[in-house]
Amino acid sequence: MRILAVHPSSLMYTKVFLRLEPLGVETIAGELRRAGHDVRLIDLQVEDHAAYFSEVDAWRPDVVAFSLNYLANVPEVVDLAKATRERLPDAFIFVGGHSASFVAEDVLTHAEGAIDCVLKGEGEASVARLIEAAADRDPTALLDVPGVVTPVGAGPAPSFVKNLDDHLPARDLLRKRRNYFIGVLDPCASIEFSRGCPWDCSFCSAWTFYGRSYRVKSAEASADELASIREPGVFIVDDVAFIQAEQGMAIGEAIARRGIQKQYYLETRGDVLLRNKDVFRFWKTLGLQYMFLGVEAIDEEGLKRFRKRVTLSKNFEALEFARSLGIMVAINIIADPSWDRDRFEVIRQWCLEIPEIVNISVNTPYPGTESWVTESRKLTTRDYRLFDIQHAVLPTTLPLNEFYAELVKTQQVLNRKHLGWKALWALGGILASNLRRGQTNTLKMLWRFNSVFNPKLQLADHAASARYLMAPPVHRQVVDPHSLYIHPSPGRRGRAIDGATEAFVERTRMGGGSSD
């Protein structure tokens with residue numbers, strides 16, 4: 001069958017700081033191609049809707065598969081599906097991805113018949129079987145596929161892929177690979193060494209999606225895939241890199257044996273960094289240049305609110321260790337809607353005093369998180385577009401226009417320190433090297449901040465008419481984590497970590513003590 005896989009457009013913050021290759025939909029495309037289908041891929045982060053409809057009209061695919069990892073993309077995907085249905089009335093149209101898994105029924109309702117089903121959970125495990133069932137033109141056959149949700153019912157619970165080594169992304173299908181970057185890594189590919197997260201932060205849905213499981217690729221498969229990547233920069237997309245020191249060392253040793261030379265950007269936790277110092281020292285010799293640490297708060301009260309059991313002292317110690325390695329660190333601080341002017345000023349001054357890149361996001365309860373259930377009665381909007389960690393969807397202590405003014409003023413610290421002319425001077429050698437290779441993504445980023453981060457534009461987004469609204473959750477003060485899981489929890493056997501690391505995880509999670 002002819003299958004067109006589609007990734008939706010960029011979100012607000014990705015228009016400035018990064019544009020990542022759509023690894024998830026590439027992996028789905030690879031799985032479908034291995035099943036014998038003719039697959040094409042279009043990424044609307046780097047192409048426009050006109051290019052998409054041109055592809056639809058010229059190629060006439062039998063199946064259109066939309067990736068929906070981000071909640072703010074729901075209106076775009078639903079509208080594209082409706083327009084596609086008008087052009088291709090007999091096509092099979094489905095949606096999958098992280099956010100789609102948590103709002104599957106809502107998406108189908110909004111689509112009004114334009115979307116045949118939503119595939120929840122890990123798509124690679126079931127997508128080939130889904131296409132086989134769709135070919136029968138029997139809607140009831142879809143209900144035998146794990147993870148499927150249709151307008152008339154749902155299939156069995158989603159299932160995991162048996163082995164992460166077996167699922168390689170079809171990178172060759174991406175038509176504009178030079179358009180992906182993160183910071184100064186330009187161009188930059190993405191790679192996955194593990195899936196899942198064993199912690200349980202209240203604001204995060206990574207652990208609820210995977211049922212607190214944590215699985216890893218083998219060192220040899222990881223090195224094989226890395227060796228096939230042409231780009232000099234690589235973003236490791238793991239939710240928490242190198243939780244298990246043994247895996248981090250094994251992959252690093254395989255890379256060293258093969259003489260693979262790349263520059264790397266990864267995400268991890270401060271306590272993992274401190275626990276596995278030797279791993280990160282080794283990776284520095286392999287090309288680790290940039291690291292993202294989810295600090296989230298600079299006070300104990302904030303850490304407790306987000307259920308981060310990493311102490312302030314540990315976070316600051318982790319920053320010092322990263323500095324000692326010569327690794328540039330980007331950190332995230334979550335701005336709470338309750339912040340007043342004084343609180344914003346404290347954050348601004350702290351950001352100016354440290355050398356790290358600081359990103360400010362807004363506390364946003366997402367479907368699939370515990371905070372979505374516990375904070376549901378406070379929501380001021382259910383407009384998908386505003387759930388992008390750059391808009392306030394909970395009541396603000398300051399008038400909303402003043403909250404956005406303070407937020408952007410705080411984010412301007414990043415602009416003054418790391419973007420514009422100052423950055424051009426500091427990064428001159430890197431930018432010159434990029435330009436020699438024809439890469440301009442980072443250079444363009446340096447002056448894009450003010451056109452994207454604008455308090456008047458953010459406020460105007462609230463006034464715009466909302467085409468689709470999420471159904472509100474049932475409010476609960478105490479949440480059973482199992483009720484949030486997309487994949488049923490496999491318990492301790494679903495976490496590829498040793499006993500000592502399991503004990504470490506349990507000590508550092510607020511919900512510690514449960515085998516699940």
# chains A, B, ... in the order shown; residues from 1 in each chain; ligands from 1
>>> closest_atom_pairs(of="region 328-371 of chain A", to="region 53-72 of chain A", cutoff="12 Å", atoms="only C-alpha atoms", output="CSV")
residue,atom,partner,partner_atom,distance
A:Thr364,CA,A:Leu71,CA,11.4
A:Pro365,CA,A:Leu71,CA,11.3
A:Tyr366,CA,A:Leu71,CA,8.2
A:Pro367,CA,A:Leu71,CA,8.7
A:Gly368,CA,A:Leu71,CA,11.1
>>> write_last_selection(atoms="N, CA, C and O atoms", output="PDB file, in the first residue's frame")
ATOM      1  N   THR A 364       2.434  23.589  33.276  1.00  0.00           N
ATOM      2  CA  THR A 364       1.287  23.243  32.437  1.00  0.00           C
ATOM      3  C   THR A 364       0.835  21.824  32.733  1.00  0.00           C
ATOM      4  O   THR A 364       1.566  20.874  32.454  1.00  0.00           O
ATOM      5  N   PRO A 365      -0.354  21.646  33.294  1.00  0.00           N
ATOM      6  CA  PRO A 365      -0.865  20.279  33.480  1.00  0.00           C
ATOM      7  C   PRO A 365      -1.249  19.674  32.125  1.00  0.00           C
ATOM      8  O   PRO A 365      -2.069  20.236  31.403  1.00  0.00           O
ATOM      9  N   TYR A 366      -0.636  18.547  31.802  1.00  0.00           N
ATOM     10  CA  TYR A 366      -0.926  17.864  30.537  1.00  0.00           C
ATOM     11  C   TYR A 366      -1.735  16.605  30.800  1.00  0.00           C
ATOM     12  O   TYR A 366      -1.539  15.928  31.817  1.00  0.00           O
ATOM     13  N   PRO A 367      -2.623  16.233  29.868  1.00  0.00           N
ATOM     14  CA  PRO A 367      -3.241  14.912  29.962  1.00  0.00           C
ATOM     15  C   PRO A 367      -2.164  13.838  30.070  1.00  0.00           C
ATOM     16  O   PRO A 367      -1.153  13.879  29.376  1.00  0.00           O
ATOM     17  N   GLY A 368      -2.384  12.906  30.996  1.00  0.00           N
ATOM     18  CA  GLY A 368      -1.388  11.878  31.240  1.00  0.00           C
ATOM     19  C   GLY A 368      -0.511  12.157  32.438  1.00  0.00           C
ATOM     20  O   GLY A 368       0.189  11.266  32.912  1.00  0.00           O
TER      21      GLY A 368
END
>>> residues_around(residues="Tyr265 (chain A)", least_positions_apart="3", cutoff="7 Å", atoms="only C-alpha atoms", output="list in words")
Val234, Phe235, Ile236, Leu288, Gln289, Tyr290 and Met291 of chain A
>>> write_last_selection(atoms="C-alpha atoms", output="compact mmCIF listing (two decimals), in the first residue's frame")
# COMPACT_ATOMS: atom_id res chain seq x y z
CA VAL A 234 23.60 14.10 17.43
CA PHE A 235 20.88 14.71 20.00
CA ILE A 236 20.32 11.74 22.32
CA LEU A 288 29.69 15.27 24.58
CA GLN A 289 29.40 19.06 24.31
CA TYR A 290 25.98 20.02 25.62
CA MET A 291 23.72 18.78 28.38
>>> residues_around(residues="Leu32 (chain A)", least_positions_apart="2", cutoff="10 Å", atoms="only C-alpha atoms", output="ChimeraX atom specification")
/A:1,3,5,26-30,34-39,124,127-129,131,170
>>> closest_residue(among="A:Ala250, A:Leu394, A:Val474, A:Ala245", to="Phe280 (chain A)", atoms="only C-alpha atoms")
A:Ala245
>>> atom_distance(atom1="CA of Ala104 (chain A)", atom2="CA of Val118 (chain A)")
5.9 Å
>>> closest_residue(among="A:Ala392, A:Ala206, A:Ala223, A:Ala335", to="Glu370 (chain A)", atoms="only C-alpha atoms")
A:Ala206
>>> closest_residue(among="A:Ala157, A:Leu142, A:Ala464, A:Val393", to="Ser376 (chain A)", atoms="only C-alpha atoms")
A:Val393
>>> residues_around(residues="region 336-343 of chain A", least_positions_apart="5", cutoff="8 Å", atoms="only C-alpha atoms", output="count of residues only")
10
>>> closest_residue(among="A:Asp461, A:Phe102, A:Arg492, A:Val505", to="Pro473 (chain A)", atoms="only C-alpha atoms")
A:Phe102
>>> select_by_dssp(residues="region 259-417 of chain A", states="strand (DSSP E or B)", output="ChimeraX atom specification")
/A:263-268,288-296,328-335,357-362,383
>>> select_by_dssp(residues="region 21-234 of chain A", states="alpha helix (DSSP H)", output="PyMOL selection string")
chain A and resi 23-34+49-59+74-87+98-102+104-111+127-135+206-209+219-227
>>> closest_residue(among="A:Arg348, A:Arg258, A:Lys15, A:Arg495", to="Val408 (chain A)", atoms="only C-alpha atoms")
A:Arg348
>>> atom_distance(atom1="CA of Cys188 (chain A)", atom2="CA of Glu231 (chain A)")
5.7 Å
>>> residues_around(residues="Ser213 (chain A)", least_positions_apart="6", cutoff="12 Å", atoms="only C-alpha atoms", output="ChimeraX atom specification")
/A:160,194-200,206-207,239,485-497,502,515-516
